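File shown here: structure.pdb, holding PDB, C-alpha atoms, pLDDT in the B column.
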ATOM      1  CA  MET A   6     103.696 102.882  80.658  1.00 36.00           C
ATOM      2  CA  ALA A   7     106.696 105.146  81.184  1.00 37.00           C
ATOM      3  CA  LEU A   8     106.021 106.184  84.784  1.00 42.00           C
ATOM      4  CA  ALA A   9     108.930 108.586  84.689  1.00 41.00           C
ATOM      5  CA  ILE A  10     108.160 110.075  88.050  1.00 40.00           C
ATOM      6  CA  ALA A  11     111.356 112.026  88.518  1.00 40.00           C
ATOM      7  CA  PRO A  12     112.750 115.482  88.975  1.00 42.00           C
ATOM      8  CA  ARG A  13     113.700 117.257  85.803  1.00 43.00           C
ATOM      9  CA  PRO A  14     117.446 117.977  85.714  1.00 42.00           C
ATOM     10  CA  ALA A  15     118.170 121.675  85.470  1.00 43.00           C
ATOM     11  CA  ALA A  16     120.833 124.108  86.473  1.00 47.00           C
ATOM     12  CA  ALA A  17     119.889 126.109  89.566  1.00 54.00           C
ATOM     13  CA  ASP A  18     119.245 129.258  87.525  1.00 65.00           C
ATOM     14  CA  ASP A  19     117.100 127.311  85.022  1.00 83.00           C
ATOM     15  CA  VAL A  20     114.563 126.108  87.594  1.00 88.00           C
ATOM     16  CA  PRO A  21     111.251 127.902  87.137  1.00 94.00           C
ATOM     17  CA  THR A  22     109.028 128.980  89.965  1.00 97.00           C
ATOM     18  CA  PRO A  23     105.732 127.094  90.164  1.00 97.00           C
ATOM     19  CA  GLU A  24     103.990 130.155  88.721  1.00 97.00           C
ATOM     20  CA  GLU A  25     106.472 130.398  85.824  1.00 97.00           C
ATOM     21  CA  TYR A  26     105.995 126.697  85.098  1.00 97.00           C
ATOM     22  CA  ALA A  27     102.179 127.027  85.067  1.00 97.00           C
ATOM     23  CA  GLU A  28     102.344 130.105  82.834  1.00 96.00           C
ATOM     24  CA  HIS A  29     104.775 128.414  80.436  1.00 96.00           C
ATOM     25  CA  VAL A  30     102.715 125.233  79.968  1.00 95.00           C
ATOM     26  CA  GLY A  31      99.456 127.181  79.816  1.00 95.00           C
ATOM     27  CA  GLY A  32      96.146 125.411  79.487  1.00 94.00           C
ATOM     28  CA  ASP A  33      94.526 124.674  82.818  1.00 95.00           C
ATOM     29  CA  ALA A  34      97.810 124.562  84.752  1.00 97.00           C
ATOM     30  CA  HIS A  35      97.558 126.255  88.111  1.00 98.00           C
ATOM     31  CA  VAL A  36      99.382 126.367  91.427  1.00 98.00           C
ATOM     32  CA  LEU A  37      97.976 125.078  94.714  1.00 98.00           C
ATOM     33  CA  SER A  38      99.500 126.379  97.932  1.00 98.00           C
ATOM     34  CA  PRO A  39     101.032 123.894 100.382  1.00 97.00           C
ATOM     35  CA  GLY A  40      98.232 121.901 102.017  1.00 94.00           C
ATOM     36  CA  GLU A  41      95.595 122.993  99.502  1.00 98.00           C
ATOM     37  CA  LEU A  42      95.702 119.763  97.467  1.00 98.00           C
ATOM     38  CA  LYS A  43      93.226 117.011  98.254  1.00 98.00           C
ATOM     39  CA  LEU A  44      93.341 113.591  96.642  1.00 98.00           C
ATOM     40  CA  ASP A  45      90.131 111.642  97.106  1.00 97.00           C
ATOM     41  CA  GLY A  46      89.281 113.823 100.102  1.00 96.00           C
ATOM     42  CA  ARG A  47      92.688 113.497 101.796  1.00 97.00           C
ATOM     43  CA  GLN A  48      94.723 116.653 102.290  1.00 97.00           C
ATOM     44  CA  GLN A  49      98.247 116.312 100.885  1.00 97.00           C
ATOM     45  CA  VAL A  50     101.246 118.105 102.321  1.00 97.00           C
ATOM     46  CA  CYS A  51     104.861 118.076 101.227  1.00 98.00           C
ATOM     47  CA  GLY A  52     106.440 120.486 103.669  1.00 97.00           C
ATOM     48  CA  GLN A  53     106.023 124.007 102.334  1.00 97.00           C
ATOM     49  CA  ARG A  54     106.144 122.956  98.697  1.00 98.00           C
ATOM     50  CA  PRO A  55     103.268 123.898  96.385  1.00 98.00           C
ATOM     51  CA  THR A  56     101.766 121.594  93.780  1.00 98.00           C
ATOM     52  CA  VAL A  57     101.171 122.533  90.150  1.00 98.00           C
ATOM     53  CA  ILE A  58      98.126 120.883  88.607  1.00 98.00           C
ATOM     54  CA  ASP A  59      98.861 120.269  84.910  1.00 98.00           C
ATOM     55  CA  SER A  60      96.538 118.037  82.879  1.00 97.00           C
ATOM     56  CA  GLN A  61      98.966 118.193  79.937  1.00 97.00           C
ATOM     57  CA  LEU A  62     101.903 116.706  81.873  1.00 97.00           C
ATOM     58  CA  ASP A  63     103.128 113.606  80.051  1.00 94.00           C
ATOM     59  CA  ASP A  64     103.101 111.518  83.225  1.00 94.00           C
ATOM     60  CA  TYR A  65     101.141 111.071  86.454  1.00 96.00           C
ATOM     61  CA  GLY A  66     103.512 113.278  88.410  1.00 97.00           C
ATOM     62  CA  ALA A  67     106.879 114.993  88.394  1.00 96.00           C
ATOM     63  CA  ALA A  68     109.037 117.071  90.672  1.00 95.00           C
ATOM     64  CA  TYR A  69     111.056 120.213  90.144  1.00 94.00           C
ATOM     65  CA  PRO A  70     113.227 121.562  92.935  1.00 95.00           C
ATOM     66  CA  GLY A  71     110.770 123.264  95.271  1.00 96.00           C
ATOM     67  CA  PHE A  72     107.460 122.034  93.833  1.00 98.00           C
ATOM     68  CA  LEU A  73     105.517 119.000  92.654  1.00 98.00           C
ATOM     69  CA  ILE A  74     103.469 118.574  89.476  1.00 98.00           C
ATOM     70  CA  LEU A  75     100.453 116.287  89.153  1.00 98.00           C
ATOM     71  CA  ASN A  76      98.322 115.377  86.161  1.00 98.00           C
ATOM     72  CA  PRO A  77      94.690 115.125  87.365  1.00 98.00           C
ATOM     73  CA  ARG A  78      93.553 113.582  84.076  1.00 98.00           C
ATOM     74  CA  LEU A  79      95.837 110.569  84.578  1.00 98.00           C
ATOM     75  CA  LEU A  80      95.403 110.430  88.356  1.00 98.00           C
ATOM     76  CA  SER A  81      91.648 110.079  87.891  1.00 98.00           C
ATOM     77  CA  LYS A  82      92.310 106.651  86.346  1.00 97.00           C
ATOM     78  CA  VAL A  83      94.069 105.101  89.359  1.00 98.00           C
ATOM     79  CA  SER A  84      93.004 103.993  92.841  1.00 97.00           C
ATOM     80  CA  THR A  85      93.368 106.123  95.950  1.00 98.00           C
ATOM     81  CA  PRO A  86      96.430 104.258  97.305  1.00 98.00           C
ATOM     82  CA  VAL A  87      98.180 104.715  93.948  1.00 98.00           C
ATOM     83  CA  LYS A  88      97.329 108.445  93.838  1.00 98.00           C
ATOM     84  CA  LEU A  89      98.632 108.948  97.368  1.00 98.00           C
ATOM     85  CA  TRP A  90     101.760 106.938  96.581  1.00 98.00           C
ATOM     86  CA  ILE A  91     102.455 109.052  93.478  1.00 98.00           C
ATOM     87  CA  PHE A  92     102.179 112.248  95.521  1.00 98.00           C
ATOM     88  CA  ALA A  93     104.372 110.812  98.295  1.00 98.00           C
ATOM     89  CA  HIS A  94     106.922 109.604  95.716  1.00 97.00           C
ATOM     90  CA  GLU A  95     107.195 113.110  94.251  1.00 97.00           C
ATOM     91  CA  CYS A  96     107.448 114.507  97.758  1.00 98.00           C
ATOM     92  CA  GLY A  97     110.237 112.021  98.403  1.00 97.00           C
ATOM     93  CA  HIS A  98     112.235 113.658  95.635  1.00 96.00           C
ATOM     94  CA  GLN A  99     111.855 116.978  97.448  1.00 96.00           C
ATOM     95  CA  PHE A 100     113.346 115.630 100.665  1.00 95.00           C
ATOM     96  CA  ARG A 101     115.620 112.803  99.496  1.00 95.00           C
ATOM     97  CA  GLY A 102     116.812 113.841  96.040  1.00 92.00           C
ATOM     98  CA  PRO A 103     116.601 112.339  92.558  1.00 91.00           C
ATOM     99  CA  ASP A 104     117.141 108.649  93.363  1.00 90.00           C
ATOM    100  CA  GLU A 105     114.029 106.690  92.356  1.00 89.00           C
ATOM    101  CA  GLU A 106     114.411 103.813  94.809  1.00 91.00           C
ATOM    102  CA  THR A 107     114.841 106.287  97.652  1.00 94.00           C
ATOM    103  CA  ALA A 108     111.679 108.164  96.597  1.00 95.00           C
ATOM    104  CA  ASP A 109     109.795 104.856  96.321  1.00 95.00           C
ATOM    105  CA  CYS A 110     110.898 103.849  99.818  1.00 96.00           C
ATOM    106  CA  PHE A 111     110.045 107.292 101.214  1.00 97.00           C
ATOM    107  CA  ALA A 112     106.540 106.991  99.722  1.00 97.00           C
ATOM    108  CA  VAL A 113     105.667 103.549 101.098  1.00 97.00           C
ATOM    109  CA  GLN A 114     107.110 104.317 104.515  1.00 96.00           C
ATOM    110  CA  ARG A 115     105.190 107.598 104.649  1.00 97.00           C
ATOM    111  CA  GLY A 116     102.016 105.756 103.657  1.00 97.00           C
ATOM    112  CA  ARG A 117     102.539 103.144 106.342  1.00 96.00           C
ATOM    113  CA  ARG A 118     103.280 105.776 109.016  1.00 95.00           C
ATOM    114  CA  GLN A 119     100.287 107.910 108.031  1.00 95.00           C
ATOM    115  CA  GLY A 120      97.973 104.902 107.799  1.00 96.00           C
ATOM    116  CA  TRP A 121      96.866 105.265 104.184  1.00 97.00           C
ATOM    117  CA  LEU A 122      98.975 102.391 102.847  1.00 97.00           C
ATOM    118  CA  ASP A 123      98.449  98.809 103.943  1.00 97.00           C
ATOM    119  CA  GLU A 124      99.585  95.584 102.280  1.00 97.00           C
ATOM    120  CA  ALA A 125      96.574  95.560  99.931  1.00 98.00           C
ATOM    121  CA  GLY A 126      97.316  99.156  98.889  1.00 98.00           C
ATOM    122  CA  LEU A 127     100.974  98.283  98.333  1.00 97.00           C
ATOM    123  CA  GLU A 128      99.836  95.496  96.013  1.00 96.00           C
ATOM    124  CA  GLU A 129      97.759  98.054  94.074  1.00 97.00           C
ATOM    125  CA  VAL A 130     100.885 100.205  93.715  1.00 97.00           C
ATOM    126  CA  CYS A 131     102.857  97.153  92.582  1.00 95.00           C
ATOM    127  CA  THR A 132     100.198  96.228  90.039  1.00 94.00           C
ATOM    128  CA  PHE A 133     100.335  99.809  88.768  1.00 95.00           C
ATOM    129  CA  ILE A 134     104.108  99.951  88.295  1.00 91.00           C
ATOM    130  CA  SER A 135     104.850  96.317  87.408  1.00 84.00           C
ATOM    131  CA  PRO A 136     104.396  96.868  83.642  1.00 77.00           C
ATOM    132  CA  ALA A 137     106.925  99.754  83.715  1.00 73.00           C
ATOM    133  CA  LYS A 138     110.097  99.059  81.784  1.00 74.00           C
ATOM    134  CA  GLY A 139     113.412 100.180  83.191  1.00 67.00           C
ATOM    135  CA  ASP A 140     115.145 103.252  81.791  1.00 68.00           C
ATOM    136  CA  SER A 141     118.115 105.453  82.653  1.00 61.00           C
ATOM    137  CA  MET A 142     116.359 106.757  85.785  1.00 67.00           C
ATOM    138  CA  HIS A 143     114.195 103.805  86.825  1.00 65.00           C
ATOM    139  CA  PHE A 144     114.576 100.113  87.478  1.00 71.00           C
ATOM    140  CA  ALA A 145     111.866  97.913  85.995  1.00 76.00           C
ATOM    141  CA  GLY A 146     108.587  97.969  87.888  1.00 75.00           C
ATOM    142  CA  SER A 147     109.015  94.471  89.306  1.00 81.00           C
ATOM    143  CA  HIS A 148     112.394  95.433  90.823  1.00 86.00           C
ATOM    144  CA  ARG A 149     110.932  98.629  92.276  1.00 91.00           C
ATOM    145  CA  CYS A 150     108.058  96.666  93.759  1.00 92.00           C
ATOM    146  CA  ALA A 151     110.371  94.148  95.466  1.00 93.00           C
ATOM    147  CA  TYR A 152     112.343  97.015  96.993  1.00 93.00           C
ATOM    148  CA  MET A 153     109.171  98.804  98.154  1.00 95.00           C
ATOM    149  CA  ARG A 154     107.982  95.620  99.852  1.00 96.00           C
ATOM    150  CA  GLN A 155     111.256  95.560 101.820  1.00 95.00           C
ATOM    151  CA  CYS A 156     110.883  99.231 102.781  1.00 95.00           C
ATOM    152  CA  PHE A 157     107.260  98.728 103.778  1.00 96.00           C
ATOM    153  CA  ALA A 158     108.143  95.755 105.997  1.00 94.00           C
ATOM    154  CA  ASP A 159     111.006  97.568 107.764  1.00 91.00           C
ATOM    155  CA  PRO A 160     110.249  97.107 111.502  1.00 84.00           C
ATOM    156  CA  SER A 161     111.852 100.450 112.401  1.00 84.00           C
ATOM    157  CA  ILE A 162     109.080 102.416 110.627  1.00 73.00           C
ATOM    158  CA  ARG A 163     106.705 103.961 113.143  1.00 65.00           C
TER     159      ARG A 163
END

Show this structure as structure tokens.
Amino acid sequence: MALAIAPRPAAADDVPTPEEYAEHVGGDAHVLSPGELKLDGRQQVCGQRPTVIDSQLDDYGAAYPGFLILNPRLLSKVSTPVKLWIFAHECGHQFRGPDEETADCFAVQRGRRQGWLDEAGLEEVCTFISPAKGDSMHFAGSHRCAYMRQCFADPSIR
């Protein structure tokens, strides 16, 4: 499992709008306005950033500057805590930049603050990413999981 949940590098003038992205990939790709996305009945918000739904995306999710991309075909195969974590991880890239560990931490802390991620849900996320091999953008899943456990346990998170 690649789990390359990361922003795509691009020069500022190369970044498509969400609409341009959806038109370029074609198929069933479409844009949802901020707040329009629901995952398992829970409204998802990432500031004022829209979400592109793209069932042909080669991963569960991705982020371009200014918008998120989710693959509903793949998301349908994972539990609710994992879906919400994937969305929050992509949102983390919007607010914290391209660093994967930072986006992971953002996601688990957001989940804890918002009440949708508890220790059992964090274990589901860890089970999901543990098989992931490291690459140029990501540490191995087991390393990411250990770091997320530290972020989740941070007593300053309210």

Distance in Å - atom CA of A:Asp19 versus atom CA of A:Gly71:
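If I compute the distance from atom CA of A:Asp19 to atom CA of A:Gly71, I get 12.7 Å.
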
May I ask which of the residues A:Asp45, A:Glu25, A:Glu106, A:Asp33 is the closest one to A:Tyr69, counting all atoms listed in the file?
A:Glu25

Could you tell me, as number ranges by chain, exactly which residues end up selected when the PyMOL selection byres ((chain A and resi 126-140) around 10) is applied to this structure?
A: 6-9, 83-91, 113, 116-117, 121-125, 141-151, 153-154, 157

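If you apply the PyMOL selection byres ((chain A and resi 31) around 12) to this structure, you end up with Glu24, Glu25, Tyr26, Ala27, Glu28, His29, Val30, Gly32, Asp33, Ala34, His35, Val36, Val57, Ile58, Asp59, Ser60, Gln61 and Leu62 of chain A.
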
Looking at only C-alpha atoms, which of A:Pro21, A:Leu44, A:Ser161, A:Ala68 is the one that sits closest to A:Asp104?
A:Ala68
